[in-house]
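What follows is a short report on a single structure.
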Amino acid sequence: MASPQLLGALLCLLLLLLPASGEKPTEGPRNVCLGLLGADQYDPFLLNDTAECFQRCRRRRSEVCNVEKLERYWLNYEKHLVENLKGEVDLGFVKAVVQNLSADSVEDLHFSLKPSEVPRRVAQGEDKPPDGVRLPKSLFSSLPGNRSVIRLAVMVLDIGPGTVFKGPQLSLEDGSRVLNNRLVGLSVSQTAVTGLAEPLEVTFSHPRQPPNLTLTCVFWDVTKGDWASRGCSTERGAEGTVCLCDHLTFFALLLRPILDRATAQVLTRISQVGCGVSMVFLAFTIVMYAVLRFSRQRFKSEDAPKIHVALSSSLFLLNLAFLVNVGSGSEGSSAACWARGAIFHYFLLAAFTWMGLEAFHLYLLAIRVFNTYFGHYFLKLSLVGWGLPTLMVIGAGSANSYGLYTVRDQDNRTSLELCWFRGETALHVTVHGYFLVTFLLGAVVLALVAWKIFTLSSSTAGKQQGQSWKGVLTVAGLSSLVGMTWGLAIFTPLGLSTIYIFAVFNSLQGVFIFFWFTVLYLPGQSAATSSSGTARLDQAPTSSPE
């Protein structure tokens, strides 16, 4: 038998190991985005915690999420409402109402889904809401069983910009999205309602969408964990879209690019042919410059032809990178795709930069005119023209922005694959924003030069004939140097016709530059063009010998 002293020592040791009075064992941090909450845990505090996953669960973030469990959590929440809710839910991310309705309803039921309000039943004679639901009276009579009262739940869920309830159907990188990130959930008395003879209506209001986007009514298919359109039809209107569906579940309106596979292939072929033709003429331009540089002593000291050739070189390499990128598609390793995307990005930025430098040089020659003498002028332009794109690509590459870019059609089939940007932020900043700056600079300078040319031609109309058409040709030639054809991209949202025009004219920029260079510098041509002032723009001194 153990002695009393030994028992006392063991008791003291046990008391030391126990937590102090009033203290609780510490818990590790709980990540609700892993979907660890049970289906019955729906108090407001837990709902708010789980709703934060709509923001936290994104493709480019390190947050660990179980999207499938989160989606199941919110699907079960609607069932929870039907069983337990009496009244309504009014939270920032979810608004719902549950009502007891008579199974012998003699009229259709209408509910308003105004984003800032809890769903409410629309009274008879009230104006139809811009966002709403219409449930046909035949729905209630078609339910199985003899019921006098039916519980109906109407829920609007804000799913945010993350990956929850996005599914494989949406490629967020190409601009596809759920309209306003809003889901509309409908449920009746824990009963699966399918095959309605008269479809229900869900109306989504929205401003007029660009014609290069398609709007599709879809429901959440729980068996596939993805959006599907089976049993739903889409009726588009001027101020909204009506979804007609023959079952009850979660509904949404998807917006996706309308570029189908056939159109993408045609545009790709046009661009490939145009780029190939441009490369030939750009090569002619570079060879012509080399010949003239060796045959004309004065040609070596002129900066304008050097700038033209630098632009031609950047466009030649851009067209080559485009042909390689499109031809390779998704072939090769991820590292090779990363490299192709980075190279293509670099030469695109280099072309934009040299177009901007063309505009700057044109400003010095035609607008500023005086005090345009700079030491090592072309060397400084070269540092900007080739160096600035390098810094931009290094920044984008350090953020791991390059990868496989996929364009899909309205049926979620792949239309085009190439190595480009994986996310929209870097694309908007380093391509769209960069282009906008250089394009606006070129447009302003070109407008000022055109004003001076046509002002000069009107003042000398009595002395020289045919000045107007020469001025038009001059402005057209200069527009190819400052990249005005790229401005057609602004009009591509207007429809496929503008996309075709952009593809044709933009891919032939090298041809336009070749003809401009030929008219300016071939023997016997510069003298003819000098009378209109065209040659003088390129021959004014701007630098000292390097």
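Quick note on naming: the chains in the structure tokens go A, B, ... in the order shown, residues restart at 1 in each chain, and ligands are numbered from 1 in order of appearance.
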
Contacts of segment 375-389 of chain A at 10 Å (only C-alpha atoms; same-chain gap of 2+ positions) as a PyMOL selection string: chain A and resi 302-304+306-307+310-311+314+345-358+360-361+372-373+391-395+430+542-546

Take the selection from the previous step and output its residues with N, CA, C and O atoms, as a CSV table (one decimal), in the first residue's frame.
```
chain,number,residue,atom,x,y,z
A,302,GLU,N,21.6,62.4,-89.1
A,302,GLU,CA,20.2,62.8,-88.9
A,302,GLU,C,19.6,61.8,-87.9
A,302,GLU,O,19.8,60.6,-88.0
A,303,ASP,N,18.9,62.3,-86.9
A,303,ASP,CA,18.3,61.5,-85.9
A,303,ASP,C,16.9,60.9,-86.2
A,303,ASP,O,16.6,59.8,-85.8
A,304,ALA,N,16.2,61.6,-87.0
A,304,ALA,CA,14.8,61.2,-87.4
A,304,ALA,C,14.8,59.8,-88.0
A,304,ALA,O,14.0,58.9,-87.6
A,306,LYS,N,17.0,57.5,-87.6
A,306,LYS,CA,17.4,56.5,-86.6
A,306,LYS,C,16.2,56.1,-85.7
A,306,LYS,O,16.0,55.0,-85.3
A,307,ILE,N,15.4,57.1,-85.4
A,307,ILE,CA,14.2,56.9,-84.5
A,307,ILE,C,13.2,56.0,-85.3
A,307,ILE,O,12.6,55.1,-84.7
A,310,ALA,N,14.5,52.5,-85.2
A,310,ALA,CA,14.3,51.9,-83.9
A,310,ALA,C,12.9,51.5,-83.7
A,310,ALA,O,12.6,50.4,-83.2
A,311,LEU,N,11.9,52.3,-84.1
A,311,LEU,CA,10.5,51.9,-84.1
A,311,LEU,C,10.3,50.7,-85.0
A,311,LEU,O,9.6,49.7,-84.5
A,314,SER,N,11.6,47.6,-83.2
A,314,SER,CA,10.8,47.1,-82.1
A,314,SER,C,9.5,46.4,-82.6
A,314,SER,O,9.0,45.4,-82.1
A,345,HIS,N,5.7,40.8,-73.9
A,345,HIS,CA,5.4,42.0,-73.1
A,345,HIS,C,6.4,43.1,-73.3
A,345,HIS,O,6.1,44.2,-73.5
A,346,TYR,N,7.7,42.6,-73.3
A,346,TYR,CA,8.8,43.6,-73.4
A,346,TYR,C,8.8,44.3,-74.8
A,346,TYR,O,8.8,45.5,-74.9
A,347,PHE,N,8.6,43.5,-75.9
A,347,PHE,CA,8.6,44.2,-77.2
A,347,PHE,C,7.3,45.0,-77.5
A,347,PHE,O,7.4,45.9,-78.2
A,348,LEU,N,6.2,44.6,-76.8
A,348,LEU,CA,5.0,45.4,-76.9
A,348,LEU,C,5.3,46.8,-76.3
A,348,LEU,O,4.9,47.8,-76.8
A,349,LEU,N,5.8,46.7,-75.1
A,349,LEU,CA,6.1,48.0,-74.4
A,349,LEU,C,7.2,48.8,-75.1
A,349,LEU,O,7.1,50.1,-75.2
A,350,ALA,N,8.2,48.1,-75.7
A,350,ALA,CA,9.2,48.8,-76.5
A,350,ALA,C,8.6,49.5,-77.7
A,350,ALA,O,8.9,50.7,-78.0
A,351,ALA,N,7.6,48.9,-78.4
A,351,ALA,CA,6.9,49.5,-79.5
A,351,ALA,C,6.1,50.7,-79.0
A,351,ALA,O,6.2,51.8,-79.7
A,352,PHE,N,5.4,50.6,-77.9
A,352,PHE,CA,4.7,51.7,-77.4
A,352,PHE,C,5.6,52.9,-77.0
A,352,PHE,O,5.3,54.0,-77.3
A,353,THR,N,6.7,52.5,-76.4
A,353,THR,CA,7.7,53.6,-76.0
A,353,THR,C,8.3,54.3,-77.2
A,353,THR,O,8.3,55.6,-77.2
A,354,TRP,N,8.6,53.6,-78.3
A,354,TRP,CA,9.2,54.3,-79.4
A,354,TRP,C,8.1,55.1,-80.2
A,354,TRP,O,8.5,56.1,-80.8
A,355,MET,N,6.9,54.7,-80.1
A,355,MET,CA,5.8,55.5,-80.7
A,355,MET,C,5.7,56.8,-79.9
A,355,MET,O,5.5,57.9,-80.5
A,356,GLY,N,5.8,56.7,-78.6
A,356,GLY,CA,5.8,57.9,-77.8
A,356,GLY,C,7.0,58.8,-78.0
A,356,GLY,O,6.9,60.0,-78.1
A,357,LEU,N,8.2,58.2,-78.3
A,357,LEU,CA,9.4,59.0,-78.6
A,357,LEU,C,9.2,59.6,-80.0
A,357,LEU,O,9.8,60.7,-80.2
A,358,GLU,N,8.6,58.9,-80.9
A,358,GLU,CA,8.3,59.6,-82.2
A,358,GLU,C,7.5,60.8,-82.0
A,358,GLU,O,7.7,61.8,-82.6
A,360,PHE,N,7.3,62.6,-79.3
A,360,PHE,CA,8.1,63.6,-78.6
A,360,PHE,C,9.1,64.3,-79.6
A,360,PHE,O,9.2,65.6,-79.6
A,361,HIS,N,9.7,63.5,-80.5
A,361,HIS,CA,10.5,64.1,-81.5
A,361,HIS,C,9.8,65.0,-82.5
A,361,HIS,O,10.2,66.1,-82.9
A,372,THR,N,16.0,73.2,-79.6
A,372,THR,CA,15.8,71.8,-79.7
A,372,THR,C,17.2,71.0,-79.9
A,372,THR,O,17.2,69.9,-80.4
A,373,TYR,N,18.2,71.6,-79.4
A,373,TYR,CA,19.6,71.1,-79.6
A,373,TYR,C,19.9,70.3,-78.3
A,373,TYR,O,20.0,70.9,-77.2
A,391,LEU,N,12.6,47.8,-67.3
A,391,LEU,CA,12.2,48.0,-65.9
A,391,LEU,C,10.7,47.5,-65.6
A,391,LEU,O,10.4,46.9,-64.6
A,392,MET,N,9.8,47.8,-66.6
A,392,MET,CA,8.4,47.4,-66.4
A,392,MET,C,8.3,45.8,-66.4
A,392,MET,O,7.6,45.3,-65.6
A,393,VAL,N,9.1,45.2,-67.3
A,393,VAL,CA,9.0,43.7,-67.4
A,393,VAL,C,9.6,43.1,-66.1
A,393,VAL,O,9.1,42.1,-65.6
A,394,ILE,N,10.7,43.7,-65.6
A,394,ILE,CA,11.3,43.1,-64.4
A,394,ILE,C,10.3,43.3,-63.2
A,394,ILE,O,10.1,42.3,-62.4
A,395,GLY,N,9.6,44.4,-63.2
A,395,GLY,CA,8.6,44.5,-62.1
A,395,GLY,C,7.4,43.5,-62.2
A,395,GLY,O,7.0,42.9,-61.2
A,430,THR,N,0.4,47.9,-66.7
A,430,THR,CA,1.6,47.9,-67.5
A,430,THR,C,1.3,47.8,-69.0
A,430,THR,O,2.2,48.0,-69.8
A,542,THR,N,18.4,68.3,-84.1
A,542,THR,CA,18.0,68.2,-82.7
A,542,THR,C,19.1,67.7,-81.8
A,542,THR,O,18.9,67.6,-80.6
A,543,SER,N,20.2,67.4,-82.4
A,543,SER,CA,21.3,66.8,-81.6
A,543,SER,C,22.7,67.2,-82.0
A,543,SER,O,22.8,67.8,-83.1
A,544,SER,N,23.6,66.9,-81.2
A,544,SER,CA,25.0,67.1,-81.5
A,544,SER,C,25.6,65.8,-81.9
A,544,SER,O,25.0,64.7,-81.6
A,545,PRO,N,26.7,65.7,-82.6
A,545,PRO,CA,27.3,64.5,-83.0
A,545,PRO,C,27.6,63.6,-81.8
A,545,PRO,O,28.0,64.1,-80.8
A,546,GLU,N,27.4,62.3,-81.9
A,546,GLU,CA,27.6,61.4,-80.8
A,546,GLU,C,29.0,60.8,-80.9
A,546,GLU,O,29.4,60.4,-81.9
```

Residues near Phe439 of chain A, cut-off 12 Å, only C-alpha atoms, skip fewer than 4 positions along chain, as a PyMOL selection string: chain A and resi 351-360+431-435+443-446+479-490

Selection: 10 Å around Thr285 of chain A, only C-alpha atoms, excl. self and same-chain fewer than 4 positions, as a PyMOL selection string: chain A and resi 279-281+289-291+308-309+312-313+510-511+513-518

Would you output that residue set with N, CA, C and O atoms, as a short mmCIF file (atom, residue, chain, number, x, y, z; two decimals), in the first residue's frame?
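Wrote it out as part_25.cif, contents follow:
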```cif
data_model
loop_
_atom_site.label_atom_id
_atom_site.label_comp_id
_atom_site.auth_asym_id
_atom_site.auth_seq_id
_atom_site.Cartn_x
_atom_site.Cartn_y
_atom_site.Cartn_z
N MET A 279 6.33 42.36 -91.17
CA MET A 279 7.73 42.01 -90.91
C MET A 279 8.56 42.15 -92.18
O MET A 279 9.71 42.63 -92.14
N VAL A 280 8.00 41.75 -93.32
CA VAL A 280 8.74 41.87 -94.59
C VAL A 280 9.02 43.34 -94.89
O VAL A 280 10.17 43.72 -95.22
N PHE A 281 8.01 44.20 -94.77
CA PHE A 281 8.20 45.61 -95.09
C PHE A 281 9.07 46.32 -94.04
O PHE A 281 9.82 47.24 -94.37
N TYR A 289 17.50 51.75 -94.71
CA TYR A 289 18.23 52.69 -93.86
C TYR A 289 19.73 52.39 -93.88
O TYR A 289 20.57 53.31 -93.99
N ALA A 290 20.09 51.08 -93.81
CA ALA A 290 21.50 50.72 -93.83
C ALA A 290 22.16 51.14 -95.14
O ALA A 290 23.29 51.65 -95.15
N VAL A 291 21.46 50.94 -96.25
CA VAL A 291 22.01 51.32 -97.55
C VAL A 291 22.20 52.83 -97.64
O VAL A 291 23.26 53.33 -98.07
N HIS A 308 13.01 56.31 -86.62
CA HIS A 308 12.11 55.49 -87.43
C HIS A 308 12.57 54.04 -87.46
O HIS A 308 11.75 53.12 -87.36
N VAL A 309 13.87 53.82 -87.58
CA VAL A 309 14.40 52.46 -87.66
C VAL A 309 14.29 51.77 -86.30
O VAL A 309 14.04 50.56 -86.22
N SER A 312 10.84 50.68 -86.15
CA SER A 312 10.67 49.54 -87.05
C SER A 312 11.24 48.27 -86.44
O SER A 312 10.65 47.19 -86.56
N SER A 313 12.40 48.38 -85.78
CA SER A 313 13.02 47.21 -85.15
C SER A 313 12.15 46.67 -84.03
O SER A 313 11.97 45.44 -83.90
N GLY A 510 3.53 48.20 -90.05
CA GLY A 510 4.86 48.15 -90.66
C GLY A 510 4.84 48.53 -92.13
O GLY A 510 5.79 49.13 -92.65
N VAL A 511 3.75 48.16 -92.84
CA VAL A 511 3.63 48.53 -94.25
C VAL A 511 3.53 50.04 -94.40
O VAL A 511 4.19 50.65 -95.27
N ILE A 513 4.63 52.34 -92.35
CA ILE A 513 5.92 52.97 -92.01
C ILE A 513 6.90 52.83 -93.18
O ILE A 513 7.65 53.77 -93.47
N PHE A 514 6.88 51.71 -93.86
CA PHE A 514 7.77 51.52 -95.01
C PHE A 514 7.48 52.55 -96.09
O PHE A 514 8.41 53.17 -96.64
N PHE A 515 6.22 52.74 -96.44
CA PHE A 515 5.88 53.71 -97.49
C PHE A 515 6.25 55.13 -97.05
O PHE A 515 6.71 55.94 -97.86
N TRP A 516 6.04 55.43 -95.78
CA TRP A 516 6.43 56.76 -95.28
C TRP A 516 7.94 56.96 -95.41
O TRP A 516 8.41 58.01 -95.86
N PHE A 517 8.71 55.97 -95.01
CA PHE A 517 10.16 56.05 -95.09
C PHE A 517 10.63 56.17 -96.54
O PHE A 517 11.55 56.93 -96.85
N THR A 518 9.96 55.43 -97.42
CA THR A 518 10.33 55.48 -98.84
C THR A 518 10.08 56.85 -99.43
O THR A 518 10.93 57.41 -100.14
#
```

Spatial neighbours of Arg147 of chain A, max dist 10 Å, only C-alpha atoms, sep filter under 3 positions, as an NGL selection string: :A and (102-104 or 140-141 or 143-144 or 150)

Grab the residues selected above and save them as a short mmCIF file (atom, residue, chain, number, x, y, z; two decimals), in the first residue's frame with all heavy atoms.
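Just written: out_33.cif:
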```cif
data_model
loop_
_atom_site.label_atom_id
_atom_site.label_comp_id
_atom_site.auth_asym_id
_atom_site.auth_seq_id
_atom_site.Cartn_x
_atom_site.Cartn_y
_atom_site.Cartn_z
N SER A 102 -50.21 30.03 -48.65
CA SER A 102 -51.29 29.08 -48.88
C SER A 102 -51.01 28.28 -50.16
O SER A 102 -50.62 28.84 -51.19
CB SER A 102 -52.63 29.80 -48.99
OG SER A 102 -53.64 28.90 -49.40
N ALA A 103 -51.22 26.97 -50.06
CA ALA A 103 -51.01 26.12 -51.23
C ALA A 103 -52.08 26.34 -52.29
O ALA A 103 -51.91 25.91 -53.44
CB ALA A 103 -50.99 24.66 -50.81
N ASP A 104 -53.16 27.00 -51.92
CA ASP A 104 -54.26 27.25 -52.86
C ASP A 104 -54.19 28.66 -53.44
O ASP A 104 -55.21 29.30 -53.66
CB ASP A 104 -55.61 27.04 -52.15
CG ASP A 104 -55.76 25.63 -51.62
OD1 ASP A 104 -55.28 24.71 -52.29
OD2 ASP A 104 -56.33 25.48 -50.52
N PHE A 140 -47.31 26.00 -56.92
CA PHE A 140 -47.76 25.50 -55.63
C PHE A 140 -48.70 24.31 -55.78
O PHE A 140 -48.67 23.38 -54.98
CB PHE A 140 -48.44 26.63 -54.85
CG PHE A 140 -47.56 27.84 -54.71
CD1 PHE A 140 -47.75 28.97 -55.51
CD2 PHE A 140 -46.52 27.86 -53.81
CE1 PHE A 140 -46.94 30.08 -55.39
CE2 PHE A 140 -45.70 28.96 -53.68
CZ PHE A 140 -45.90 30.07 -54.47
N SER A 141 -49.52 24.32 -56.81
CA SER A 141 -50.43 23.20 -57.03
C SER A 141 -49.71 21.96 -57.53
O SER A 141 -50.23 20.84 -57.42
CB SER A 141 -51.52 23.60 -58.02
OG SER A 141 -50.94 23.95 -59.28
N LEU A 143 -46.82 20.85 -56.32
CA LEU A 143 -45.99 20.26 -55.28
C LEU A 143 -46.60 18.95 -54.81
O LEU A 143 -47.83 18.82 -54.68
CB LEU A 143 -45.84 21.22 -54.11
CG LEU A 143 -45.07 22.52 -54.40
CD1 LEU A 143 -45.08 23.42 -53.18
CD2 LEU A 143 -43.65 22.22 -54.84
N PRO A 144 -45.78 17.94 -54.51
CA PRO A 144 -46.31 16.65 -54.05
C PRO A 144 -46.90 16.74 -52.64
O PRO A 144 -46.50 17.60 -51.84
CB PRO A 144 -45.08 15.74 -54.08
CG PRO A 144 -43.92 16.66 -53.92
CD PRO A 144 -44.31 17.94 -54.61
N ILE A 150 -47.33 26.28 -47.28
CA ILE A 150 -46.01 26.05 -47.86
C ILE A 150 -45.06 27.14 -47.37
O ILE A 150 -45.41 28.33 -47.36
CB ILE A 150 -46.09 26.09 -49.40
CG1 ILE A 150 -46.98 24.96 -49.91
CG2 ILE A 150 -44.70 26.01 -50.02
CD1 ILE A 150 -47.25 25.03 -51.39
#
```

DSSP-assigned strand (DSSP E or B) among segment 162-321 of chain A, expressed as a ChimeraX atom specification: /A:177-178,182-188,191,200-205,213-221,226-228,232-236,240-245,250-257

Dump of N, CA and C atoms for the selected residues, as a tab-separated table (two decimals), in the first residue's frame:
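Saved the output as again.tsv:
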```tsv
chain	number	residue	atom	x	y	z
A	177	ARG	N	-17.54	36.99	-65.28
A	177	ARG	CA	-17.94	37.28	-63.90
A	177	ARG	C	-19.42	37.01	-63.70
A	178	VAL	N	-19.80	36.95	-62.43
A	178	VAL	CA	-21.20	36.90	-62.05
A	178	VAL	C	-21.69	38.34	-61.92
A	182	ARG	N	-24.00	38.61	-57.33
A	182	ARG	CA	-25.23	38.33	-56.58
A	182	ARG	C	-25.86	37.02	-57.02
A	183	LEU	N	-26.23	36.20	-56.02
A	183	LEU	CA	-26.96	34.96	-56.25
A	183	LEU	C	-28.36	35.12	-55.67
A	184	VAL	N	-29.33	34.55	-56.35
A	184	VAL	CA	-30.71	34.54	-55.87
A	184	VAL	C	-31.09	33.09	-55.59
A	185	GLY	N	-31.44	32.80	-54.32
A	185	GLY	CA	-31.80	31.45	-53.93
A	185	GLY	C	-33.29	31.33	-53.65
A	186	LEU	N	-33.92	30.27	-54.16
A	186	LEU	CA	-35.35	30.02	-53.96
A	186	LEU	C	-35.52	28.58	-53.49
A	187	SER	N	-36.30	28.41	-52.42
A	187	SER	CA	-36.52	27.08	-51.87
A	187	SER	C	-37.92	27.00	-51.30
A	188	VAL	N	-38.55	25.83	-51.47
A	188	VAL	CA	-39.92	25.62	-51.00
A	188	VAL	C	-39.98	24.37	-50.13
A	191	THR	N	-38.38	20.82	-50.49
A	191	THR	CA	-38.81	19.96	-51.58
A	191	THR	C	-38.05	20.33	-52.85
A	200	LEU	N	-40.59	29.85	-63.66
A	200	LEU	CA	-40.51	31.03	-62.81
A	200	LEU	C	-39.63	32.06	-63.50
A	201	GLU	N	-39.69	33.30	-63.05
A	201	GLU	CA	-38.91	34.39	-63.64
A	201	GLU	C	-38.04	35.05	-62.58
A	202	VAL	N	-36.78	35.24	-62.91
A	202	VAL	CA	-35.86	36.02	-62.07
A	202	VAL	C	-35.33	37.15	-62.95
A	203	THR	N	-35.55	38.38	-62.53
A	203	THR	CA	-35.15	39.54	-63.33
A	203	THR	C	-33.94	40.20	-62.71
A	204	PHE	N	-32.90	40.40	-63.51
A	204	PHE	CA	-31.67	41.09	-63.09
A	204	PHE	C	-31.57	42.40	-63.87
A	205	SER	N	-31.55	43.50	-63.17
A	205	SER	CA	-31.39	44.80	-63.84
A	205	SER	C	-29.91	45.10	-64.02
A	213	LEU	N	-19.86	41.09	-74.97
A	213	LEU	CA	-20.12	40.24	-73.83
A	213	LEU	C	-21.45	39.52	-74.03
A	214	THR	N	-21.50	38.30	-73.56
A	214	THR	CA	-22.75	37.55	-73.61
A	214	THR	C	-23.28	37.34	-72.20
A	215	LEU	N	-24.60	37.44	-72.04
A	215	LEU	CA	-25.24	37.27	-70.75
A	215	LEU	C	-26.01	35.94	-70.78
A	216	THR	N	-25.79	35.12	-69.78
A	216	THR	CA	-26.40	33.79	-69.74
A	216	THR	C	-27.00	33.54	-68.37
A	217	CYS	N	-28.27	33.13	-68.35
A	217	CYS	CA	-28.93	32.74	-67.11
A	217	CYS	C	-28.47	31.34	-66.73
A	218	VAL	N	-28.05	31.18	-65.49
A	218	VAL	CA	-27.52	29.90	-65.04
A	218	VAL	C	-28.03	29.58	-63.64
A	219	PHE	N	-27.89	28.32	-63.25
A	219	PHE	CA	-28.18	27.90	-61.88
A	219	PHE	C	-26.98	27.11	-61.37
A	220	TRP	N	-26.89	26.97	-60.04
A	220	TRP	CA	-25.77	26.26	-59.45
A	220	TRP	C	-26.10	24.76	-59.40
A	221	ASP	N	-25.35	23.99	-60.17
A	221	ASP	CA	-25.53	22.54	-60.22
A	221	ASP	C	-24.72	21.91	-59.09
A	226	ASP	N	-20.70	23.53	-60.26
A	226	ASP	CA	-20.42	24.49	-61.33
A	226	ASP	C	-21.74	25.08	-61.81
A	227	TRP	N	-21.62	26.14	-62.61
A	227	TRP	CA	-22.80	26.77	-63.18
A	227	TRP	C	-23.26	25.99	-64.40
A	228	ALA	N	-24.59	25.92	-64.58
A	228	ALA	CA	-25.17	25.24	-65.74
A	228	ALA	C	-26.39	26.04	-66.18
A	232	CYS	N	-32.98	26.54	-68.21
A	232	CYS	CA	-33.12	28.00	-68.11
A	232	CYS	C	-32.97	28.62	-69.49
A	233	SER	N	-33.72	29.66	-69.74
A	233	SER	CA	-33.58	30.44	-70.97
A	233	SER	C	-33.35	31.90	-70.60
A	234	THR	N	-32.78	32.64	-71.52
A	234	THR	CA	-32.37	34.03	-71.26
A	234	THR	C	-33.12	34.96	-72.20
A	235	GLU	N	-33.79	35.94	-71.62
A	235	GLU	CA	-34.47	36.97	-72.41
A	235	GLU	C	-33.85	38.32	-72.07
A	236	ARG	N	-33.17	38.90	-73.05
A	236	ARG	CA	-32.45	40.16	-72.82
A	236	ARG	C	-33.35	41.35	-73.14
A	240	GLY	N	-32.45	45.23	-68.52
A	240	GLY	CA	-32.25	44.07	-67.67
A	240	GLY	C	-32.41	42.78	-68.45
A	241	THR	N	-32.21	41.68	-67.74
A	241	THR	CA	-32.32	40.36	-68.33
A	241	THR	C	-33.26	39.51	-67.47
A	242	VAL	N	-34.16	38.79	-68.13
A	242	VAL	CA	-35.11	37.92	-67.44
A	242	VAL	C	-34.68	36.47	-67.64
A	243	CYS	N	-34.54	35.74	-66.51
A	243	CYS	CA	-34.20	34.33	-66.55
A	243	CYS	C	-35.46	33.51	-66.33
A	244	LEU	N	-35.77	32.61	-67.25
A	244	LEU	CA	-36.93	31.73	-67.17
A	244	LEU	C	-36.43	30.32	-66.89
A	245	CYS	N	-36.76	29.77	-65.72
A	245	CYS	CA	-36.22	28.48	-65.32
A	245	CYS	C	-37.34	27.57	-64.83
A	250	PHE	N	-30.28	28.03	-56.71
A	250	PHE	CA	-29.58	29.30	-56.74
A	250	PHE	C	-29.39	29.72	-58.19
A	251	PHE	N	-29.72	30.98	-58.49
A	251	PHE	CA	-29.61	31.50	-59.85
A	251	PHE	C	-28.65	32.69	-59.89
A	252	ALA	N	-28.09	32.92	-61.08
A	252	ALA	CA	-27.22	34.08	-61.30
A	252	ALA	C	-27.20	34.39	-62.79
A	253	LEU	N	-26.64	35.54	-63.11
A	253	LEU	CA	-26.47	35.96	-64.50
A	253	LEU	C	-24.98	36.07	-64.77
A	254	LEU	N	-24.48	35.27	-65.72
A	254	LEU	CA	-23.06	35.26	-66.05
A	254	LEU	C	-22.77	36.20	-67.21
A	255	LEU	N	-21.64	36.91	-67.12
A	255	LEU	CA	-21.15	37.75	-68.21
A	255	LEU	C	-19.82	37.18	-68.67
A	256	ARG	N	-19.76	36.86	-69.98
A	256	ARG	CA	-18.54	36.27	-70.52
A	256	ARG	C	-18.24	36.85	-71.90
A	257	PRO	N	-16.95	36.87	-72.30
A	257	PRO	CA	-16.62	37.34	-73.65
A	257	PRO	C	-17.32	36.50	-74.70
```

Members of segment 316-410 of chain A assigned helix (DSSP H, G or I) by DSSP, as a ChimeraX atom specification: /A:316-328,334-368,377-398

Asn66 of chain A environment, 6 Å, only C-alpha atoms, sequence neighbours closer than 2 positions dropped, as a PyMOL selection string: chain A and resi 34-35+68-69

Those same residues - N, CA, C and O atoms - I'd like them written as a PDB file, in the first residue's frame.
```pdb
ATOM      1  N   LEU A  34     -11.682  26.977 -44.357  1.00  0.00           N
ATOM      2  CA  LEU A  34     -11.518  25.566 -44.651  1.00  0.00           C
ATOM      3  C   LEU A  34     -12.839  24.822 -44.564  1.00  0.00           C
ATOM      4  O   LEU A  34     -12.886  23.606 -44.763  1.00  0.00           O
ATOM      5  N   GLY A  35     -13.925  25.548 -44.247  1.00  0.00           N
ATOM      6  CA  GLY A  35     -15.238  24.934 -44.196  1.00  0.00           C
ATOM      7  C   GLY A  35     -15.414  24.006 -43.019  1.00  0.00           C
ATOM      8  O   GLY A  35     -16.065  22.961 -43.137  1.00  0.00           O
ATOM      9  N   GLU A  68     -15.242  24.070 -51.966  1.00  0.00           N
ATOM     10  CA  GLU A  68     -16.375  23.149 -52.054  1.00  0.00           C
ATOM     11  C   GLU A  68     -17.171  23.109 -50.748  1.00  0.00           C
ATOM     12  O   GLU A  68     -18.405  23.136 -50.759  1.00  0.00           O
ATOM     13  N   LYS A  69     -16.473  23.075 -49.608  1.00  0.00           N
ATOM     14  CA  LYS A  69     -17.170  23.055 -48.328  1.00  0.00           C
ATOM     15  C   LYS A  69     -17.873  24.379 -48.046  1.00  0.00           C
ATOM     16  O   LYS A  69     -18.962  24.405 -47.475  1.00  0.00           O
TER      17      LYS A  69
END
```

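Pairwise distance (atom CA of Val472 of chain A, atom CA of Leu318 of chain A) equals 28.5 Å.
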
Within 8 Å of Asp246 of chain A using only C-alpha atoms, minus same-chain residues under 2 positions, as a PyMOL selection string: chain A and resi 194-200+231-232+244+248

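Going from atom CA of Gln55 of chain A over to atom CA of Asp158 of chain A, you cover 10.5 Å.
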